[in-house]
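What follows is the content of upload29.cif (mmCIF, C-alpha atoms and all ligand atoms).
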```
data_coords
#
loop_
_atom_site.label_atom_id
_atom_site.label_comp_id
_atom_site.auth_asym_id
_atom_site.auth_seq_id
_atom_site.Cartn_x
_atom_site.Cartn_y
_atom_site.Cartn_z
CA MET S 1 -19.35 -25.28 -20.73
CA PRO S 2 -16.82 -26.08 -17.93
CA GLU S 3 -16.27 -23.13 -15.62
CA VAL S 4 -13.07 -21.15 -16.10
CA ILE S 5 -11.61 -18.32 -13.99
CA ALA S 6 -11.25 -15.03 -15.87
CA LEU S 7 -7.95 -13.16 -15.66
CA ILE S 8 -8.46 -9.43 -16.31
CA GLY S 9 -6.27 -6.35 -16.42
CA CYS S 10 -2.70 -7.57 -16.99
CA LYS S 11 -0.19 -5.01 -18.26
CA GLY S 12 0.64 -6.53 -21.65
CA PRO S 13 1.29 -10.04 -22.98
CA THR S 14 4.46 -10.72 -20.96
CA GLN S 15 2.77 -10.00 -17.65
CA GLU S 16 -0.25 -12.05 -18.74
CA THR S 17 1.93 -15.07 -19.58
CA ASP S 18 3.86 -14.74 -16.32
CA TYR S 19 0.72 -14.39 -14.18
CA LEU S 20 -0.99 -17.33 -15.90
CA ALA S 21 2.02 -19.59 -15.29
CA VAL S 22 2.28 -18.73 -11.59
CA LEU S 23 -1.49 -18.93 -10.99
CA ALA S 24 -1.73 -22.27 -12.83
CA ALA S 25 1.12 -23.70 -10.75
CA ALA S 26 -0.62 -22.67 -7.52
CA MET S 27 -4.01 -24.14 -8.51
CA PRO S 28 -3.60 -26.83 -11.17
CA GLU S 29 -7.20 -27.91 -10.53
CA GLU S 30 -8.53 -24.60 -11.97
CA ARG S 31 -8.50 -23.34 -15.58
CA ILE S 32 -7.55 -19.68 -15.69
CA VAL S 33 -8.09 -17.91 -19.01
CA PRO S 34 -7.43 -14.28 -20.02
CA PHE S 35 -10.70 -12.44 -20.62
CA ARG S 36 -9.75 -11.71 -24.25
CA LEU S 37 -9.55 -15.45 -25.02
CA MET S 38 -12.90 -16.38 -23.44
CA ASP S 39 -15.78 -17.11 -25.82
CA ASP S 40 -19.40 -16.24 -24.97
CA GLY S 41 -20.01 -19.58 -23.27
CA ALA S 42 -16.95 -19.20 -21.05
CA ARG S 43 -17.96 -15.62 -20.20
CA ASP S 44 -21.43 -16.83 -19.17
CA ALA S 45 -20.04 -19.63 -17.03
CA ALA S 46 -17.37 -17.63 -15.16
CA ARG S 47 -18.14 -17.13 -11.46
CA VAL S 48 -14.76 -15.73 -10.35
CA ALA S 49 -12.43 -13.13 -11.90
CA ILE S 50 -8.84 -12.54 -10.83
CA VAL S 51 -8.01 -8.91 -11.59
CA ALA S 52 -4.96 -6.65 -11.67
CA ASN S 53 -6.06 -3.29 -13.10
CA PRO S 54 -9.28 -4.34 -14.83
CA ASP S 55 -11.32 -2.59 -17.47
CA PRO S 56 -14.78 -2.43 -15.79
CA ALA S 57 -16.39 -3.21 -19.17
CA GLU S 58 -14.67 -6.62 -19.15
CA VAL S 59 -16.01 -7.35 -15.65
CA ALA S 60 -19.46 -6.21 -16.84
CA ALA S 61 -19.24 -8.74 -19.68
CA LEU S 62 -19.20 -11.64 -17.18
CA PRO S 63 -22.89 -11.78 -16.17
CA ASN S 64 -22.64 -14.61 -13.62
CA LEU S 65 -19.65 -13.47 -11.58
CA VAL S 66 -19.98 -14.17 -7.86
CA TRP S 67 -16.81 -12.37 -6.68
CA VAL S 68 -13.68 -10.59 -7.83
CA GLN S 69 -10.21 -11.34 -6.46
CA SER S 70 -7.75 -8.43 -6.71
CA LEU S 71 -4.01 -9.10 -7.03
CA TRP S 72 -3.33 -5.79 -5.27
CA ALA S 73 -3.79 -4.71 -1.65
CA GLY S 74 -5.05 -1.21 -2.51
CA VAL S 75 -8.52 -1.33 -4.08
CA GLU S 76 -9.54 2.34 -4.30
CA ARG S 77 -10.01 2.06 -8.07
CA LEU S 78 -12.27 -1.00 -7.74
CA VAL S 79 -14.62 0.14 -4.95
CA ASN S 80 -17.11 1.85 -7.28
CA ALA S 81 -15.90 0.45 -10.60
CA PHE S 82 -18.40 -2.28 -11.38
CA ASP S 83 -21.97 -2.30 -12.62
CA ARG S 84 -23.12 -4.66 -9.82
CA PRO S 85 -22.46 -4.89 -6.06
CA LEU S 86 -19.90 -7.70 -6.49
CA PRO S 87 -17.84 -8.77 -3.48
CA ILE S 88 -14.27 -7.52 -4.01
CA VAL S 89 -11.56 -9.48 -2.23
CA ARG S 90 -8.29 -7.57 -1.91
CA LEU S 91 -4.87 -9.19 -1.58
CA VAL S 92 -3.86 -9.79 2.02
CA ASP S 93 -0.60 -11.65 1.72
CA ARG S 94 2.14 -12.46 4.22
CA GLU S 95 4.96 -11.92 1.74
CA MET S 96 3.62 -8.49 0.82
CA ALA S 97 3.40 -7.58 4.51
CA ARG S 98 6.97 -8.83 5.06
CA THR S 99 8.28 -6.82 2.09
CA MET S 100 6.45 -3.67 3.17
CA ALA S 101 7.67 -4.01 6.76
CA GLU S 102 11.22 -4.40 5.43
CA ALA S 103 10.80 -1.22 3.36
CA VAL S 104 9.44 0.69 6.37
CA LEU S 105 12.44 -0.38 8.45
CA ALA S 106 14.93 0.36 5.65
CA TRP S 107 13.66 3.90 5.02
CA THR S 108 13.24 4.54 8.73
CA TYR S 109 16.95 3.75 9.12
CA TYR S 110 17.65 6.03 6.14
CA ILE S 111 16.10 8.91 8.08
CA GLN S 112 17.31 7.95 11.56
CA ARG S 113 20.96 7.57 10.37
CA ASP S 114 20.77 10.95 8.50
CA MET S 115 21.50 9.49 5.08
CA PRO S 116 19.78 12.33 3.15
CA ALA S 117 22.06 14.87 4.89
CA TYR S 118 25.22 12.80 4.29
CA ALA S 119 24.32 12.33 0.61
CA ARG S 120 23.91 16.12 0.25
CA GLN S 121 27.17 16.71 2.13
CA GLN S 122 29.09 14.29 -0.10
CA ARG S 123 27.91 16.10 -3.23
CA ALA S 124 29.15 19.36 -1.67
CA GLY S 125 32.41 17.83 -0.37
CA VAL S 126 31.44 18.54 3.24
CA TRP S 127 32.85 16.45 6.14
CA ARG S 128 30.47 17.03 9.06
CA PRO S 129 29.22 14.39 11.52
CA HIS S 130 25.71 14.81 12.90
CA PRO S 131 24.75 13.73 16.43
CA TYR S 132 23.66 10.08 16.63
CA ARG S 133 20.02 9.44 17.59
CA LYS S 134 19.21 5.98 18.98
CA PRO S 135 16.17 4.00 17.76
CA SER S 136 14.99 3.98 21.37
CA ASP S 137 14.92 7.81 21.22
CA THR S 138 13.08 7.85 17.89
CA THR S 139 9.29 7.56 17.66
CA VAL S 140 7.85 6.17 14.45
CA GLY S 141 4.14 6.81 13.95
CA LEU S 142 2.15 4.49 11.72
CA LEU S 143 -0.97 5.89 10.06
CA GLY S 144 -2.89 2.64 9.62
CA LEU S 145 -2.67 -0.46 11.77
CA GLY S 146 -3.95 -3.00 9.24
CA ALA S 147 -2.21 -5.94 7.61
CA LEU S 148 0.78 -3.81 6.58
CA GLY S 149 0.83 -1.39 9.52
CA ILE S 150 0.96 -4.19 12.10
CA ALA S 151 3.74 -6.01 10.21
CA ALA S 152 5.71 -2.73 10.07
CA ALA S 153 5.11 -2.08 13.79
CA GLU S 154 6.51 -5.49 14.71
CA ARG S 155 9.60 -4.97 12.56
CA LEU S 156 10.22 -1.49 14.02
CA LEU S 157 9.77 -2.73 17.59
CA GLY S 158 12.23 -5.54 16.89
CA ALA S 159 14.76 -2.90 15.80
CA GLY S 160 14.28 -0.94 19.04
CA PHE S 161 12.20 2.00 17.76
CA ARG S 162 9.39 3.52 19.79
CA VAL S 163 6.18 2.98 17.87
CA THR S 164 2.84 4.71 17.95
CA GLY S 165 -0.05 3.98 15.60
CA TRP S 166 -3.39 5.30 14.46
CA SER S 167 -6.42 3.55 13.04
CA ARG S 168 -10.15 4.08 12.67
CA SER S 169 -11.17 1.54 15.31
CA PRO S 170 -9.40 0.76 18.62
CA LYS S 171 -6.46 -1.67 18.38
CA ALA S 172 -4.43 -3.42 21.06
CA VAL S 173 -0.95 -4.12 19.70
CA PRO S 174 1.65 -5.24 22.25
CA GLY S 175 4.47 -2.72 22.62
CA ILE S 176 2.90 0.16 20.74
CA GLU S 177 0.86 3.15 21.76
CA ALA S 178 -2.27 2.74 19.61
CA MET S 179 -4.71 5.61 19.10
CA HIS S 180 -7.84 5.83 17.00
CA GLY S 181 -10.26 8.33 15.57
CA VAL S 182 -9.86 11.84 14.14
CA ALA S 183 -9.67 13.54 17.56
CA ALA S 184 -6.56 11.51 18.49
CA LEU S 185 -4.70 12.28 15.26
CA PRO S 186 -3.01 15.55 16.37
CA ILE S 187 -1.84 13.82 19.58
CA MET S 188 -0.35 10.94 17.61
CA LEU S 189 1.28 13.30 15.08
CA GLY S 190 2.82 15.33 17.91
CA ARG S 191 4.73 12.23 19.07
CA CYS S 192 6.27 11.41 15.67
CA ASP S 193 9.90 11.83 14.64
CA ILE S 194 9.02 9.81 11.56
CA LEU S 195 5.47 9.46 10.23
CA VAL S 196 4.77 6.44 8.00
CA CYS S 197 1.59 6.45 5.94
CA LEU S 198 -0.02 3.00 5.49
CA ILE S 199 -3.73 3.80 5.29
CA PRO S 200 -5.94 3.15 2.25
CA LEU S 201 -7.05 5.95 -0.06
CA THR S 202 -10.73 6.62 0.67
CA PRO S 203 -12.94 9.75 0.59
CA GLU S 204 -11.96 10.23 4.27
CA THR S 205 -8.20 9.91 3.81
CA ARG S 206 -7.82 11.90 0.57
CA GLY S 207 -5.81 15.01 1.53
CA LEU S 208 -5.66 13.86 5.18
CA ILE S 209 -2.03 14.92 5.56
CA ASP S 210 -2.42 18.62 4.86
CA ALA S 211 -0.77 21.80 6.20
CA GLU S 212 -2.49 21.49 9.60
CA ARG S 213 -1.52 17.83 10.09
CA LEU S 214 2.04 18.45 8.93
CA ALA S 215 2.30 21.37 11.36
CA ALA S 216 1.24 19.00 14.18
CA LEU S 217 4.38 16.86 13.64
CA LYS S 218 7.46 17.53 15.78
CA PRO S 219 9.75 20.17 14.22
CA GLY S 220 12.36 18.34 12.14
CA ALA S 221 10.19 15.25 11.65
CA ALA S 222 10.20 13.21 8.44
CA LEU S 223 7.42 11.63 6.39
CA ILE S 224 7.38 8.29 4.59
CA ASN S 225 4.38 7.76 2.28
CA PHE S 226 4.06 4.13 1.19
CA ALA S 227 0.25 4.14 0.84
CA ARG S 228 -1.26 6.32 -1.91
CA GLY S 229 -0.17 9.73 -3.24
CA PRO S 230 -3.43 11.71 -2.80
CA ILE S 231 -3.43 11.08 0.98
CA VAL S 232 -0.73 13.78 1.26
CA ALA S 233 -1.39 17.32 -0.07
CA THR S 234 1.68 17.90 -2.26
CA ASP S 235 1.72 21.72 -2.09
CA ASP S 236 1.42 21.63 1.71
CA LEU S 237 4.20 19.04 1.86
CA ILE S 238 6.54 21.19 -0.22
CA ALA S 239 5.72 24.24 1.94
CA ALA S 240 6.48 22.26 5.12
CA LEU S 241 9.81 21.11 3.66
CA ASP S 242 10.71 24.61 2.45
CA SER S 243 9.98 26.09 5.88
CA GLY S 244 12.27 23.52 7.51
CA HIS S 245 9.46 22.20 9.74
CA LEU S 246 9.67 18.88 7.91
CA ALA S 247 13.22 17.60 7.41
CA HIS S 248 12.64 15.03 4.67
CA ALA S 249 9.97 13.07 2.78
CA VAL S 250 10.37 9.61 1.27
CA LEU S 251 7.61 9.23 -1.32
CA ASP S 252 6.85 5.95 -3.07
CA VAL S 253 3.38 6.90 -4.33
CA PHE S 254 2.03 9.94 -6.17
CA GLU S 255 -1.17 11.55 -7.41
CA VAL S 256 -0.05 10.67 -10.96
CA GLU S 257 2.25 7.70 -11.62
CA PRO S 258 4.81 7.63 -13.13
CA LEU S 259 5.62 10.98 -11.51
CA PRO S 260 5.48 13.55 -14.35
CA ALA S 261 8.84 15.02 -15.42
CA GLU S 262 7.70 18.53 -14.52
CA SER S 263 6.87 17.65 -10.88
CA PRO S 264 8.86 19.80 -8.41
CA LEU S 265 9.22 16.69 -6.23
CA TRP S 266 11.87 15.22 -8.56
CA SER S 267 14.42 17.92 -7.79
CA HIS S 268 13.41 18.97 -4.27
CA PRO S 269 16.44 18.47 -1.97
CA GLY S 270 14.16 17.31 0.85
CA VAL S 271 12.43 14.59 -1.16
CA THR S 272 13.41 11.02 -2.01
CA VAL S 273 11.35 9.76 -4.97
CA LEU S 274 10.74 6.01 -5.27
CA PRO S 275 8.86 4.41 -8.19
CA HIS S 276 6.11 2.60 -6.21
CA ILE S 277 8.34 -0.22 -5.04
CA SER S 278 7.80 -0.44 -1.29
CA GLY S 279 5.38 -3.39 -1.23
CA PRO S 280 5.27 -5.16 -4.59
CA THR S 281 2.94 -8.12 -5.13
CA ASP S 282 5.02 -11.30 -4.97
CA MET S 283 3.24 -13.44 -7.53
CA PRO S 284 4.08 -16.93 -6.18
CA SER S 285 2.93 -15.91 -2.71
CA ALA S 286 -0.10 -13.98 -4.05
CA ALA S 287 -1.06 -16.98 -6.20
CA ALA S 288 -0.94 -19.28 -3.15
CA THR S 289 -3.19 -16.82 -1.26
CA VAL S 290 -5.64 -16.65 -4.19
CA ALA S 291 -5.59 -20.46 -4.54
CA ALA S 292 -6.49 -20.84 -0.86
CA ASN S 293 -9.39 -18.38 -1.32
CA LEU S 294 -10.64 -20.32 -4.36
CA ARG S 295 -10.40 -23.70 -2.64
CA GLU S 296 -12.44 -22.36 0.26
CA PHE S 297 -15.01 -21.01 -2.22
CA ARG S 298 -15.22 -24.39 -3.96
CA ARG S 299 -15.65 -26.10 -0.57
CA THR S 300 -18.27 -23.78 0.93
CA GLY S 301 -19.84 -21.98 -2.04
CA GLU S 302 -19.30 -18.72 -0.11
CA PRO S 303 -17.02 -15.97 -1.45
CA PRO S 304 -14.20 -14.92 0.89
CA GLN S 305 -14.62 -11.83 3.08
CA GLY S 306 -14.71 -8.82 0.74
CA ILE S 307 -13.93 -5.16 1.35
CA ASP S 308 -16.48 -2.89 3.02
CA LYS S 309 -17.55 -0.63 0.16
CA ALA S 310 -19.16 1.93 2.48
CA ARG S 311 -15.82 2.43 4.29
CA GLY S 312 -13.92 2.24 1.00
CA TYR S 313 -11.41 -0.43 2.08
P1 LIG D 1 -5.78 -2.67 5.77
O1 LIG D 1 -5.41 -4.00 6.34
O2 LIG D 1 -7.15 -2.47 5.23
O3 LIG D 1 -5.50 -1.57 6.92
C1 LIG D 1 -5.86 -0.24 6.77
C2 LIG D 1 -5.64 0.50 8.08
O4 LIG D 1 -5.94 1.88 7.89
C3 LIG D 1 -6.55 -0.02 9.20
O5 LIG D 1 -5.86 -0.01 10.42
C4 LIG D 1 -7.67 1.03 9.19
O6 LIG D 1 -8.31 1.18 10.45
C5 LIG D 1 -6.90 2.28 8.87
N1 LIG D 1 -7.79 3.31 8.33
C6 LIG D 1 -8.51 3.30 7.20
N2 LIG D 1 -9.24 4.42 7.07
C7 LIG D 1 -8.98 5.16 8.18
C8 LIG D 1 -9.44 6.41 8.65
N3 LIG D 1 -10.31 7.13 7.95
N4 LIG D 1 -8.97 6.85 9.84
C9 LIG D 1 -8.11 6.11 10.56
N5 LIG D 1 -7.62 4.90 10.17
C10 LIG D 1 -8.06 4.45 9.00
O7 LIG D 1 -4.78 -2.26 4.59
P2 LIG D 1 -3.26 -2.75 4.36
O8 LIG D 1 -3.24 -4.09 3.72
O9 LIG D 1 -2.50 -2.56 5.63
O10 LIG D 1 -2.79 -1.72 3.24
C11 LIG D 1 -2.80 -0.32 3.47
C12 LIG D 1 -2.60 0.43 2.15
O11 LIG D 1 -1.25 0.31 1.72
C13 LIG D 1 -3.39 -0.11 0.96
O12 LIG D 1 -4.72 0.38 0.97
C14 LIG D 1 -2.59 0.39 -0.22
O13 LIG D 1 -3.10 1.63 -0.66
C15 LIG D 1 -1.19 0.60 0.33
N6 LIG D 1 -0.21 -0.30 -0.31
C16 LIG D 1 0.85 0.28 -0.95
C17 LIG D 1 1.81 -0.52 -1.55
C18 LIG D 1 3.01 0.07 -2.24
O14 LIG D 1 3.77 -0.65 -2.88
N7 LIG D 1 3.27 1.36 -2.12
C19 LIG D 1 1.69 -1.93 -1.49
C20 LIG D 1 0.60 -2.46 -0.83
C21 LIG D 1 -0.36 -1.64 -0.25
P3 LIG D 1 -9.15 -0.04 11.09
O15 LIG D 1 -8.10 -1.05 11.51
O16 LIG D 1 -9.83 0.56 12.26
O17 LIG D 1 -10.04 -0.57 10.01
#
```

Please express the file's structure as structure tokens.
Amino acid sequence: MPEVIALIGCKGPTQETDYLAVLAAAMPEERIVPFRLMDDGARDAARVAIVANPDPAEVAALPNLVWVQSLWAGVERLVNAFDRPLPIVRLVDREMARTMAEAVLAWTYYIQRDMPAYARQQRAGVWRPHPYRKPSDTTVGLLGLGALGIAAAERLLGAGFRVTGWSRSPKAVPGIEAMHGVAALPIMLGRCDILVCLIPLTPETRGLIDAERLAALKPGAALINFARGPIVATDDLIAALDSGHLAHAVLDVFEVEPLPAESPLWSHPGVTVLPHISGPTDMPSAAATVAANLREFRRTGEPPQGIDKARGY
């Protein structure tokens, strides 16, 4: 039985057809087949699965898998999902980093140029200019200095913002004040006019941005969460907005998605709700990244560098 690559977890037949076409174009030398169309022989022979949001039972039904390639950057749902300690390779893709950095800059400008206030004023028929604040007088703090955080830092620096960042391990990034470790977090938060969340969801980061951390931000600061919803404690966020300590929150990610109709975030005047659009997977670019990983695997027999399951990312 010739080896095929399993494709698992597409959202419906249209997405499956689209993904197959783009993946096949990027690696014509491989045969990629949706899990549901693989017979027993093909399931036995498969050594690699490309996954979007996979049913773990389908991964379990491929007994000879060597590694799993995710089409997403965030892998919190995959870390403990499988019945074996399979290497999980997450998507690290230049086009995703570019798109995310663009979103960070766009929504940073939204805050820095007071667009939420002007939108409210227009609805109320109010003509009132607010004082202009230069990028060079505005500090943007990045929680997370990984693939996306670094790309965002470079874009913000290019636009003249002051940038500080926070990660688990020490980082040297030209032009930014980089801090690391839990003890440094309040110091970093105290510098921020705008806090941008770009860390993965792990047991350590769940609920990280709570009442105490929000209180550590400068009065009148804003929050942009482009990472995962559960990193920010929603009730504490609403309390910080209601008290006026936090001026605005731009939220692209939520505990439950789509955001339920009854969520108070929909109608809160201090919240901008986005439908998880800040860093979409660009399939042609993602497929080229996956193809490069597969070619390296075919050449060396070694799976690409996977996530660290103990750290959770
Ligand atoms: P990454 O390259 O793995 O970087 C993660 C960063 O977070 C690293 O700097 C890491 O520190 C830091 N970090 C992790 N745990 C930490 C902790 N406990 N304390 C301090 N720092 C910690 O990930 P990425 O590719 O930049 O992606 C980040 C996240 O963005 C993803 O996990 C995903 O959830 C989210 N995302 C969202 C969208 C969207 O559309 N909304 C799209 C793509 C991705 P070290 O450098 O020291 O390891």

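Distance check against ligand LIG 1 (chain D) using all atoms listed in the file: of S:Tyr132, S:Phe82, S:Trp127, S:Phe226, the minimum falls on S:Phe226.
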
Rows by chain and residue number, chain S within 8 Å of ligand LIG 1 (chain D), shortest pair, only C-alpha atoms and all ligand atoms, as a tab-separated table:
```
residue	atom	partner	partner_atom	distance
S:Trp72	CA	D:LIG1	C20	6.8
S:Ala73	CA	D:LIG1	C21	4.8
S:Gly74	CA	D:LIG1	C14	3.7
S:Val75	CA	D:LIG1	O12	6.5
S:Glu76	CA	D:LIG1	O12	7.4
S:Leu91	CA	D:LIG1	O8	7.5
S:Val92	CA	D:LIG1	O8	6.0
S:Met96	CA	D:LIG1	C20	6.9
S:Ala97	CA	D:LIG1	O8	7.5
S:Met100	CA	D:LIG1	C19	6.9
S:Leu143	CA	D:LIG1	N5	6.7
S:Gly144	CA	D:LIG1	O4	3.6
S:Leu145	CA	D:LIG1	O5	3.5
S:Gly146	CA	D:LIG1	O3	3.1
S:Ala147	CA	D:LIG1	O9	3.9
S:Leu148	CA	D:LIG1	O9	3.6
S:Gly149	CA	D:LIG1	O9	5.3
S:Ile150	CA	D:LIG1	O9	7.5
S:Trp166	CA	D:LIG1	N5	6.0
S:Ser167	CA	D:LIG1	N5	3.4
S:Arg168	CA	D:LIG1	O16	3.6
S:Ser169	CA	D:LIG1	O16	3.5
S:Pro170	CA	D:LIG1	O16	6.4
S:Lys171	CA	D:LIG1	O15	7.1
S:His180	CA	D:LIG1	C9	6.5
S:Gly181	CA	D:LIG1	C9	5.9
S:Val182	CA	D:LIG1	N4	6.6
S:Cys197	CA	D:LIG1	O11	8.0
S:Leu198	CA	D:LIG1	C11	4.8
S:Ile199	CA	D:LIG1	O4	3.9
S:Pro200	CA	D:LIG1	O12	3.3
S:Leu201	CA	D:LIG1	O13	5.9
S:Thr202	CA	D:LIG1	N2	6.9
S:Glu204	CA	D:LIG1	N3	5.1
S:Thr205	CA	D:LIG1	N3	5.4
S:Asn225	CA	D:LIG1	N7	7.8
S:Phe226	CA	D:LIG1	N7	4.4
S:Ala227	CA	D:LIG1	C15	3.9
S:Arg228	CA	D:LIG1	O13	5.2
S:Asp252	CA	D:LIG1	N7	5.9
S:Val253	CA	D:LIG1	N7	6.0
S:His276	CA	D:LIG1	N7	5.1
S:Ile277	CA	D:LIG1	O14	5.1
S:Ser278	CA	D:LIG1	O14	4.3
S:Gly279	CA	D:LIG1	O14	3.6
S:Pro280	CA	D:LIG1	O14	5.1
S:Thr281	CA	D:LIG1	C19	7.3
S:Arg311	CA	D:LIG1	N2	7.4
S:Gly312	CA	D:LIG1	N2	8.0
S:Tyr313	CA	D:LIG1	O2	5.7
```

### Query
Between CA of Glu102 in chain S and CA of Arg206 in chain S, what is the spacing in Å?
25.5 Å

### Message
Residues within 12 Å of range 215-218 of chain S, please, as a PyMOL selection string. Count all atoms listed in the file; anything in the same chain fewer than 2 positions from it doesn't count.
### Response
chain S and resi 138-141+184-196+209-213+220-223+236-237+239-241+243-247

### Message
From the options S:Pro284, S:Pro260, S:Pro135, S:Pro129, which residue's atoms come nearest to Leu105 in chain S, counting only C-alpha atoms?
### Response
S:Pro135

### Query
With only C-alpha atoms as the basis for distance, which of S:Ala52, S:Ala106, S:Ala151, S:Met115 is at the shortest distance from Met283 in chain S?
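Of S:Ala52, S:Ala106, S:Ala151, S:Met115, the one nearest Met283 in chain S, counting only C-alpha atoms, is S:Ala52.
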
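Taking CA of Val250 in chain S and CA of Val104 in chain S as endpoints, the distance between them is 10.3 Å.
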
### Query
Separation of CA of Lys11 in chain S and CA of Trp266 in chain S, in Å?
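Distance reported for this atom pair: 25.5 Å.
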
What are the closest atom pairs, with distances in Å to one decimal, for all residues of range 69-138 of chain S lying within 9 Å of range 289-293 of chain S? Consider all atoms listed in the file, order rows by chain and residue number, and present the result as JSON lines.
```
{"residue": "S:Gln69", "atom": "CA", "partner": "S:Val290", "partner_atom": "CA", "distance": 7.4}
{"residue": "S:Ser70", "atom": "CA", "partner": "S:Val290", "partner_atom": "CA", "distance": 8.9}
{"residue": "S:Leu71", "atom": "CA", "partner": "S:Val290", "partner_atom": "CA", "distance": 8.2}
{"residue": "S:Leu91", "atom": "CA", "partner": "S:Thr289", "partner_atom": "CA", "distance": 7.8}
{"residue": "S:Val92", "atom": "CA", "partner": "S:Thr289", "partner_atom": "CA", "distance": 7.8}
{"residue": "S:Asp93", "atom": "CA", "partner": "S:Thr289", "partner_atom": "CA", "distance": 6.5}
{"residue": "S:Arg94", "atom": "CA", "partner": "S:Thr289", "partner_atom": "CA", "distance": 8.8}
```

#### Entry: Test item: which residues lie within 12 Å of (-18.1, -18.9, -22.6) counting all atoms listed in the file, as number ranges by chain
S: 1-6, 33-47, 61-64

May I have the residues from that selection written out with C-alpha atoms, as an mmCIF file, in the coordinates of the input?
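Ended up saving to result-v9.cif:
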```cif
data_model
loop_
_atom_site.group_PDB
_atom_site.id
_atom_site.type_symbol
_atom_site.label_atom_id
_atom_site.label_comp_id
_atom_site.auth_asym_id
_atom_site.auth_seq_id
_atom_site.Cartn_x
_atom_site.Cartn_y
_atom_site.Cartn_z
ATOM 1 C CA MET S 1 -19.350 -25.280 -20.730
ATOM 2 C CA PRO S 2 -16.820 -26.080 -17.930
ATOM 3 C CA GLU S 3 -16.270 -23.130 -15.620
ATOM 4 C CA VAL S 4 -13.070 -21.150 -16.100
ATOM 5 C CA ILE S 5 -11.610 -18.320 -13.990
ATOM 6 C CA ALA S 6 -11.250 -15.030 -15.870
ATOM 7 C CA VAL S 33 -8.090 -17.910 -19.010
ATOM 8 C CA PRO S 34 -7.430 -14.280 -20.020
ATOM 9 C CA PHE S 35 -10.700 -12.440 -20.620
ATOM 10 C CA ARG S 36 -9.750 -11.710 -24.250
ATOM 11 C CA LEU S 37 -9.550 -15.450 -25.020
ATOM 12 C CA MET S 38 -12.900 -16.380 -23.440
ATOM 13 C CA ASP S 39 -15.780 -17.110 -25.820
ATOM 14 C CA ASP S 40 -19.400 -16.240 -24.970
ATOM 15 C CA GLY S 41 -20.010 -19.580 -23.270
ATOM 16 C CA ALA S 42 -16.950 -19.200 -21.050
ATOM 17 C CA ARG S 43 -17.960 -15.620 -20.200
ATOM 18 C CA ASP S 44 -21.430 -16.830 -19.170
ATOM 19 C CA ALA S 45 -20.040 -19.630 -17.030
ATOM 20 C CA ALA S 46 -17.370 -17.630 -15.160
ATOM 21 C CA ARG S 47 -18.140 -17.130 -11.460
ATOM 22 C CA ALA S 61 -19.240 -8.740 -19.680
ATOM 23 C CA LEU S 62 -19.200 -11.640 -17.180
ATOM 24 C CA PRO S 63 -22.890 -11.780 -16.170
ATOM 25 C CA ASN S 64 -22.640 -14.610 -13.620
#
```

Could N, CA, C and O atoms be built for range 58-66 of chain S and written out as an mmCIF file, in the frame of the given file?
```cif
data_model
loop_
_atom_site.group_PDB
_atom_site.id
_atom_site.type_symbol
_atom_site.label_atom_id
_atom_site.label_comp_id
_atom_site.auth_asym_id
_atom_site.auth_seq_id
_atom_site.Cartn_x
_atom_site.Cartn_y
_atom_site.Cartn_z
ATOM 1 N N GLU S 58 -14.944 -5.177 -19.047
ATOM 2 C CA GLU S 58 -14.670 -6.620 -19.150
ATOM 3 C C GLU S 58 -15.344 -7.351 -17.986
ATOM 4 O O GLU S 58 -15.897 -8.431 -18.160
ATOM 5 N N VAL S 59 -15.308 -6.743 -16.797
ATOM 6 C CA VAL S 59 -16.010 -7.350 -15.650
ATOM 7 C C VAL S 59 -17.515 -7.372 -15.938
ATOM 8 O O VAL S 59 -18.194 -8.376 -15.680
ATOM 9 N N ALA S 60 -18.028 -6.287 -16.532
ATOM 10 C CA ALA S 60 -19.460 -6.210 -16.840
ATOM 11 C C ALA S 60 -19.879 -7.284 -17.838
ATOM 12 O O ALA S 60 -21.031 -7.709 -17.861
ATOM 13 N N ALA S 61 -18.927 -7.734 -18.657
ATOM 14 C CA ALA S 61 -19.240 -8.740 -19.680
ATOM 15 C C ALA S 61 -19.249 -10.163 -19.133
ATOM 16 O O ALA S 61 -19.369 -11.124 -19.905
ATOM 17 N N LEU S 62 -19.123 -10.307 -17.820
ATOM 18 C CA LEU S 62 -19.200 -11.640 -17.180
ATOM 19 C C LEU S 62 -20.465 -11.628 -16.305
ATOM 20 O O LEU S 62 -20.425 -11.231 -15.139
ATOM 21 N N PRO S 63 -21.616 -12.037 -16.856
ATOM 22 C CA PRO S 63 -22.890 -11.780 -16.170
ATOM 23 C C PRO S 63 -23.096 -12.610 -14.908
ATOM 24 O O PRO S 63 -23.909 -12.235 -14.063
ATOM 25 N N ASN S 64 -22.366 -13.726 -14.760
ATOM 26 C CA ASN S 64 -22.640 -14.610 -13.620
ATOM 27 C C ASN S 64 -21.515 -14.621 -12.583
ATOM 28 O O ASN S 64 -21.403 -15.560 -11.787
ATOM 29 N N LEU S 65 -20.723 -13.554 -12.582
ATOM 30 C CA LEU S 65 -19.650 -13.470 -11.580
ATOM 31 C C LEU S 65 -20.239 -13.471 -10.170
ATOM 32 O O LEU S 65 -21.246 -12.806 -9.920
ATOM 33 N N VAL S 66 -19.553 -14.167 -9.265
ATOM 34 C CA VAL S 66 -19.980 -14.170 -7.860
ATOM 35 C C VAL S 66 -19.053 -13.283 -7.028
ATOM 36 O O VAL S 66 -19.469 -12.631 -6.094
#
```
